[in-house]
Amino acid sequence: MDSGDSQDRHFSRRLKAAVEGLHLPSEEELLRGMAFFRGDLGEDIREYAERLWRRVRKRGDLAFASLAAALEELTVEQSDDGVRSLVKALDGVEEVKGVPIEACRLRCRFYLASSGDSNAAASIAGETASIALRDINKRDDLRMAGRALAWAVMAYSLAHTAKVGNLYASRRSLARMLQGYERDFEGAIKRASKRREPEEEELSVDDLVEVTDNDTLDVADRDGSVIVFTSIGNDATSEGKRVVKEFEAFVRRRLPLPGTPDLAAVRTQMATEFPWAISIADEMLKGLVGRDHVRLRPAILLGIPGCGKTRFARRLVEELRVPYELVSCGGLSDSALGGTARRWSSGEPSLAVMAVRRHECAGPAIILDEIEKVATSRHNGNVHDVLVGLLEKETSTRWFDPYVESNCDLSHLSWLMTANEVDSVPAVLRDRCRILRFPEPGQEHLPFLASRILEKLYLEQGYDPRWATPLEGFEIEALARAWTGGSIRKLERLVETLVESRERHREPQ
């Protein structure tokens, strides 16, 4: 029996046991991709802290007092700050038999990396690479190499988004992002491993096509990637040399397209979070059925203020594992969307080019919030005119960016917009978008929305939402008399008022 196959079966059995809550994964198993205890990071932290706390407490050593306190705190509340407190407590403890200090430090770094800490992610990338090298030397197994590279890219992405202050990602989104990177690297490694000397074969017309500067390269290659930037224009000038340096890592480089995930799972999650808008989710997802890569048709979600359309758009692209930019359109100018020539001190690339460069992806999504509020002045151009060009397949395939001063292939981006009304949106833009009327949540959704708002209030106040006292029947009835459906913001204010009233009238303990 092959030892590799035996190890894989052993790993699969322990993975199943971990998800079922029958096995607490070791640090190396986590690095190798095993699921957390019961499939949840918080559950893993709690279970690990409880086991180690019992072990430390039995020793009765005062030197472990701060460590025991930090572990006990994590058994009650599983938070990033709690994990950092444990790391700090570990710094004052020496390695002793029966208390795995170094393993605990590694596990804490893994917890923090899984929550979006870029420094911890970089450390985990190194740990994973060490295991990958061991596997390669021992049995020529390259699988962990893809995971190590995925962690490295994740660390870079987290550090970059932290610098620009644009990090918003749930733990689930981060995990799926990591899985996406790992899948891309595994595919690249497999293709490289199978590559052999090309055999002579008859040329086809496609083989004779030569790509020159400012020509658009063909759409998606078989590996799901495209070249967005073929050249930098006027690269001999001082400004051109500066732009060349900025984009040197991207010119003629194939950038990945976001792969299509399990659409059934995406629909299930959207139905759970937005039960009143499942028809919109179905309409947007059906265009992805049978496609290898995600590209949503341009759409405007039209609905009353506060009905949840912006959050819906954001959560949809997150569940589809597509990197995105969320842009408020209040006062947005054409230069902010279409870019500014490099000769000006304020010169910068177009929003779409910056999104591609920032996420290193040929098909990110851009969400324009409240499109009806963009600046309408035609001084130096108009936002709507720029946007129409980016939505057209013909022009977006050869989009001339004034900063790059060259044609860029921006035809793979997904554009989503929200609007409270579309009368002020030019007809030429409306004609190029699907206008989807976003439903208003009704009174039948009140219990679901109220409980979610209550959890959000407790989180904002720094409490564990599990401590929140569920709304009682008479409180739901009171909310129902004041809110008959519509704006979720209005319901949020009502729930907040109700909670404040509840706290004021709570009897002293």
# chains A, B, ... in the order shown; residues from 1 in each chain; ligands from 1

call {"tool": "select_by_dssp", "arguments": {"residues": "range 93-323 of chain A", "states": "strand (DSSP E)", "output": "list in words"}}
result
Ser225, Val226, Ile227, Arg254, Leu255, Pro256, Ala299, Ile300, Leu301 and Leu302 of chain A

call {"tool": "closest_atom_pairs", "arguments": {"of": "range 246-308 of chain A", "to": "range 416-422 of chain A", "cutoff": "9 Å", "atoms": "only C-alpha atoms", "output": "Markdown table"}}
result
| residue | atom | partner | partner_atom | distance |
| --- | --- | --- | --- | --- |
| A:Leu296 | CA | A:Leu416 | CA | 8.0 |
| A:Arg297 | CA | A:Leu416 | CA | 8.1 |
| A:Pro298 | CA | A:Leu416 | CA | 5.7 |
| A:Ala299 | CA | A:Leu416 | CA | 5.2 |
| A:Ile300 | CA | A:Met417 | CA | 4.6 |
| A:Leu301 | CA | A:Thr418 | CA | 4.6 |
| A:Leu302 | CA | A:Ala419 | CA | 5.0 |
| A:Gly303 | CA | A:Asn420 | CA | 5.2 |
| A:Ile304 | CA | A:Asn420 | CA | 5.3 |
| A:Pro305 | CA | A:Asn420 | CA | 6.0 |

call {"tool": "write_last_selection", "arguments": {"atoms": "C-alpha atoms", "output": "PDB file, in the first residue's frame"}}
result
ATOM      1  CA  LEU A 296     -21.781  39.667 -13.525  1.00  0.00           C
ATOM      2  CA  ARG A 297     -23.769  41.612 -16.086  1.00  0.00           C
ATOM      3  CA  PRO A 298     -23.961  45.344 -15.273  1.00  0.00           C
ATOM      4  CA  ALA A 299     -26.941  45.873 -12.997  1.00  0.00           C
ATOM      5  CA  ILE A 300     -28.629  48.628 -11.021  1.00  0.00           C
ATOM      6  CA  LEU A 301     -30.343  47.536  -7.803  1.00  0.00           C
ATOM      7  CA  LEU A 302     -33.244  49.967  -7.493  1.00  0.00           C
ATOM      8  CA  GLY A 303     -34.980  50.322  -4.149  1.00  0.00           C
ATOM      9  CA  ILE A 304     -35.973  52.618  -1.321  1.00  0.00           C
ATOM     10  CA  PRO A 305     -33.239  53.871   1.051  1.00  0.00           C
TER      11      PRO A 305
END

call {"tool": "residues_around", "arguments": {"residues": "range 307-319 of chain A", "least_positions_apart": "2", "cutoff": "8 Å", "atoms": "only C-alpha atoms", "output": "PyMOL selection string"}}
result
chain A and resi 173+266+269-270+274+281+301-305+321-324+326+365+367+369+416+418+438-441+486-489

call {"tool": "residues_around", "arguments": {"residues": "Gln179 in chain A", "least_positions_apart": "5", "cutoff": "9 Å", "atoms": "only C-alpha atoms", "output": "PyMOL selection string"}}
result
chain A and resi 147+150+174+184

call {"tool": "write_last_selection", "arguments": {"atoms": "C-alpha atoms", "output": "mmCIF file, in the first residue's frame"}}
result
data_model
loop_
_atom_site.group_PDB
_atom_site.id
_atom_site.type_symbol
_atom_site.label_atom_id
_atom_site.label_comp_id
_atom_site.auth_asym_id
_atom_site.auth_seq_id
_atom_site.Cartn_x
_atom_site.Cartn_y
_atom_site.Cartn_z
ATOM 1 C CA ARG A 147 -0.795 26.193 0.287
ATOM 2 C CA ALA A 150 -1.415 30.936 -0.964
ATOM 3 C CA LEU A 174 -10.786 35.193 4.223
ATOM 4 C CA ASP A 184 -4.856 28.693 -8.419
#

call {"tool": "residues_around", "arguments": {"residues": "Arg55 in chain A", "least_positions_apart": "2", "cutoff": "12 Å", "atoms": "only C-alpha atoms", "output": "list in words"}}
result
Tyr48, Ala49, Glu50, Arg51, Leu52, Trp53, Arg57, Lys58, Arg59, Gly60, Asp61, Phe64, Leu67, Ala68, Leu71, Glu72, Lys97, Gly98, Val99 and Pro100 of chain A

call {"tool": "atom_distance", "arguments": {"atom1": "CA of Pro349 in chain A", "atom2": "CA of Tyr403 in chain A"}}
result
5.0 Å

call {"tool": "closest_residue", "arguments": {"among": "A:Val353, A:Ile189, A:Met284, A:Leu491", "to": "Leu436 in chain A", "atoms": "only C-alpha atoms"}}
result
A:Met284

call {"tool": "decode", "arguments": {"residues": "range 293-305 of chain A", "atoms": "all heavy atoms", "output": "mmCIF file, in the first residue's frame"}}
result
data_model
loop_
_atom_site.group_PDB
_atom_site.id
_atom_site.type_symbol
_atom_site.label_atom_id
_atom_site.label_comp_id
_atom_site.auth_asym_id
_atom_site.auth_seq_id
_atom_site.Cartn_x
_atom_site.Cartn_y
_atom_site.Cartn_z
ATOM 1 N N HIS A 293 -15.779 31.274 -14.995
ATOM 2 C CA HIS A 293 -15.319 32.454 -14.286
ATOM 3 C C HIS A 293 -16.477 33.418 -14.032
ATOM 4 O O HIS A 293 -17.450 33.465 -14.784
ATOM 5 C CB HIS A 293 -14.211 33.160 -15.073
ATOM 6 C CG HIS A 293 -13.087 32.243 -15.452
ATOM 7 N ND1 HIS A 293 -12.953 31.728 -16.721
ATOM 8 C CD2 HIS A 293 -12.090 31.726 -14.710
ATOM 9 C CE1 HIS A 293 -11.906 30.928 -16.756
ATOM 10 N NE2 HIS A 293 -11.370 30.906 -15.556
ATOM 11 N N VAL A 294 -16.342 34.188 -12.969
ATOM 12 C CA VAL A 294 -17.415 35.100 -12.560
ATOM 13 C C VAL A 294 -17.279 36.427 -13.290
ATOM 14 O O VAL A 294 -16.232 37.087 -13.230
ATOM 15 C CB VAL A 294 -17.381 35.344 -11.040
ATOM 16 C CG1 VAL A 294 -18.414 36.411 -10.660
ATOM 17 C CG2 VAL A 294 -17.636 34.055 -10.287
ATOM 18 N N ARG A 295 -18.306 36.800 -14.007
ATOM 19 C CA ARG A 295 -18.463 38.157 -14.517
ATOM 20 C C ARG A 295 -19.952 38.457 -14.537
ATOM 21 O O ARG A 295 -20.703 37.877 -15.323
ATOM 22 C CB ARG A 295 -17.884 38.338 -15.920
ATOM 23 C CG ARG A 295 -18.029 39.792 -16.418
ATOM 24 C CD ARG A 295 -17.501 39.997 -17.830
ATOM 25 N NE ARG A 295 -17.688 41.373 -18.267
ATOM 26 C CZ ARG A 295 -18.799 41.853 -18.825
ATOM 27 N NH1 ARG A 295 -19.839 41.033 -19.016
ATOM 28 N NH2 ARG A 295 -18.888 43.119 -19.191
ATOM 29 N N LEU A 296 -20.374 39.325 -13.635
ATOM 30 C CA LEU A 296 -21.781 39.667 -13.525
ATOM 31 C C LEU A 296 -22.146 40.724 -14.558
ATOM 32 O O LEU A 296 -21.372 41.663 -14.803
ATOM 33 C CB LEU A 296 -22.085 40.203 -12.118
ATOM 34 C CG LEU A 296 -21.879 39.213 -10.963
ATOM 35 C CD1 LEU A 296 -21.894 39.946 -9.629
ATOM 36 C CD2 LEU A 296 -22.955 38.134 -10.995
ATOM 37 N N ARG A 297 -23.292 40.596 -15.156
ATOM 38 C CA ARG A 297 -23.769 41.612 -16.086
ATOM 39 C C ARG A 297 -24.002 42.910 -15.332
ATOM 40 O O ARG A 297 -24.449 42.896 -14.177
ATOM 41 C CB ARG A 297 -25.081 41.161 -16.740
ATOM 42 C CG ARG A 297 -24.917 40.107 -17.827
ATOM 43 C CD ARG A 297 -26.285 39.695 -18.348
ATOM 44 N NE ARG A 297 -27.068 40.857 -18.798
ATOM 45 C CZ ARG A 297 -28.386 40.837 -18.983
ATOM 46 N NH1 ARG A 297 -29.080 39.742 -18.728
ATOM 47 N NH2 ARG A 297 -29.012 41.928 -19.404
ATOM 48 N N PRO A 298 -23.716 44.063 -15.951
ATOM 49 C CA PRO A 298 -23.961 45.344 -15.273
ATOM 50 C C PRO A 298 -25.409 45.430 -14.800
ATOM 51 O O PRO A 298 -26.339 45.112 -15.561
ATOM 52 C CB PRO A 298 -23.661 46.389 -16.349
ATOM 53 C CG PRO A 298 -22.709 45.693 -17.273
ATOM 54 C CD PRO A 298 -23.135 44.248 -17.292
ATOM 55 N N ALA A 299 -25.588 45.834 -13.558
ATOM 56 C CA ALA A 299 -26.941 45.873 -12.997
ATOM 57 C C ALA A 299 -27.079 47.044 -12.041
ATOM 58 O O ALA A 299 -26.113 47.451 -11.385
ATOM 59 C CB ALA A 299 -27.250 44.554 -12.275
ATOM 60 N N ILE A 300 -28.283 47.586 -11.994
ATOM 61 C CA ILE A 300 -28.629 48.628 -11.021
ATOM 62 C C ILE A 300 -29.682 48.043 -10.099
ATOM 63 O O ILE A 300 -30.754 47.624 -10.554
ATOM 64 C CB ILE A 300 -29.180 49.893 -11.708
ATOM 65 C CG1 ILE A 300 -28.132 50.519 -12.644
ATOM 66 C CG2 ILE A 300 -29.616 50.912 -10.661
ATOM 67 C CD1 ILE A 300 -28.645 51.719 -13.424
ATOM 68 N N LEU A 301 -29.368 47.981 -8.798
ATOM 69 C CA LEU A 301 -30.343 47.536 -7.803
ATOM 70 C C LEU A 301 -31.134 48.762 -7.369
ATOM 71 O O LEU A 301 -30.597 49.665 -6.720
ATOM 72 C CB LEU A 301 -29.632 46.889 -6.614
ATOM 73 C CG LEU A 301 -28.738 45.677 -6.931
ATOM 74 C CD1 LEU A 301 -28.132 45.123 -5.653
ATOM 75 C CD2 LEU A 301 -29.517 44.601 -7.662
ATOM 76 N N LEU A 302 -32.393 48.808 -7.739
ATOM 77 C CA LEU A 302 -33.244 49.967 -7.493
ATOM 78 C C LEU A 302 -34.179 49.683 -6.324
ATOM 79 O O LEU A 302 -34.939 48.712 -6.350
ATOM 80 C CB LEU A 302 -34.052 50.297 -8.757
ATOM 81 C CG LEU A 302 -35.123 51.382 -8.639
ATOM 82 C CD1 LEU A 302 -34.491 52.725 -8.281
ATOM 83 C CD2 LEU A 302 -35.912 51.479 -9.947
ATOM 84 N N GLY A 303 -34.111 50.528 -5.295
ATOM 85 C CA GLY A 303 -34.980 50.322 -4.149
ATOM 86 C C GLY A 303 -34.965 51.509 -3.219
ATOM 87 O O GLY A 303 -34.136 52.422 -3.354
ATOM 88 N N ILE A 304 -35.876 51.502 -2.262
ATOM 89 C CA ILE A 304 -35.973 52.618 -1.321
ATOM 90 C C ILE A 304 -34.734 52.650 -0.434
ATOM 91 O O ILE A 304 -34.050 51.631 -0.270
ATOM 92 C CB ILE A 304 -37.231 52.485 -0.442
ATOM 93 C CG1 ILE A 304 -37.123 51.248 0.476
ATOM 94 C CG2 ILE A 304 -38.494 52.441 -1.271
ATOM 95 C CD1 ILE A 304 -38.170 51.209 1.570
ATOM 96 N N PRO A 305 -34.393 53.803 0.140
ATOM 97 C CA PRO A 305 -33.239 53.871 1.051
ATOM 98 C C PRO A 305 -33.432 52.933 2.241
ATOM 99 O O PRO A 305 -34.530 52.830 2.807
ATOM 100 C CB PRO A 305 -33.240 55.349 1.508
ATOM 101 C CG PRO A 305 -33.968 56.085 0.424
ATOM 102 C CD PRO A 305 -35.004 55.133 -0.084
#
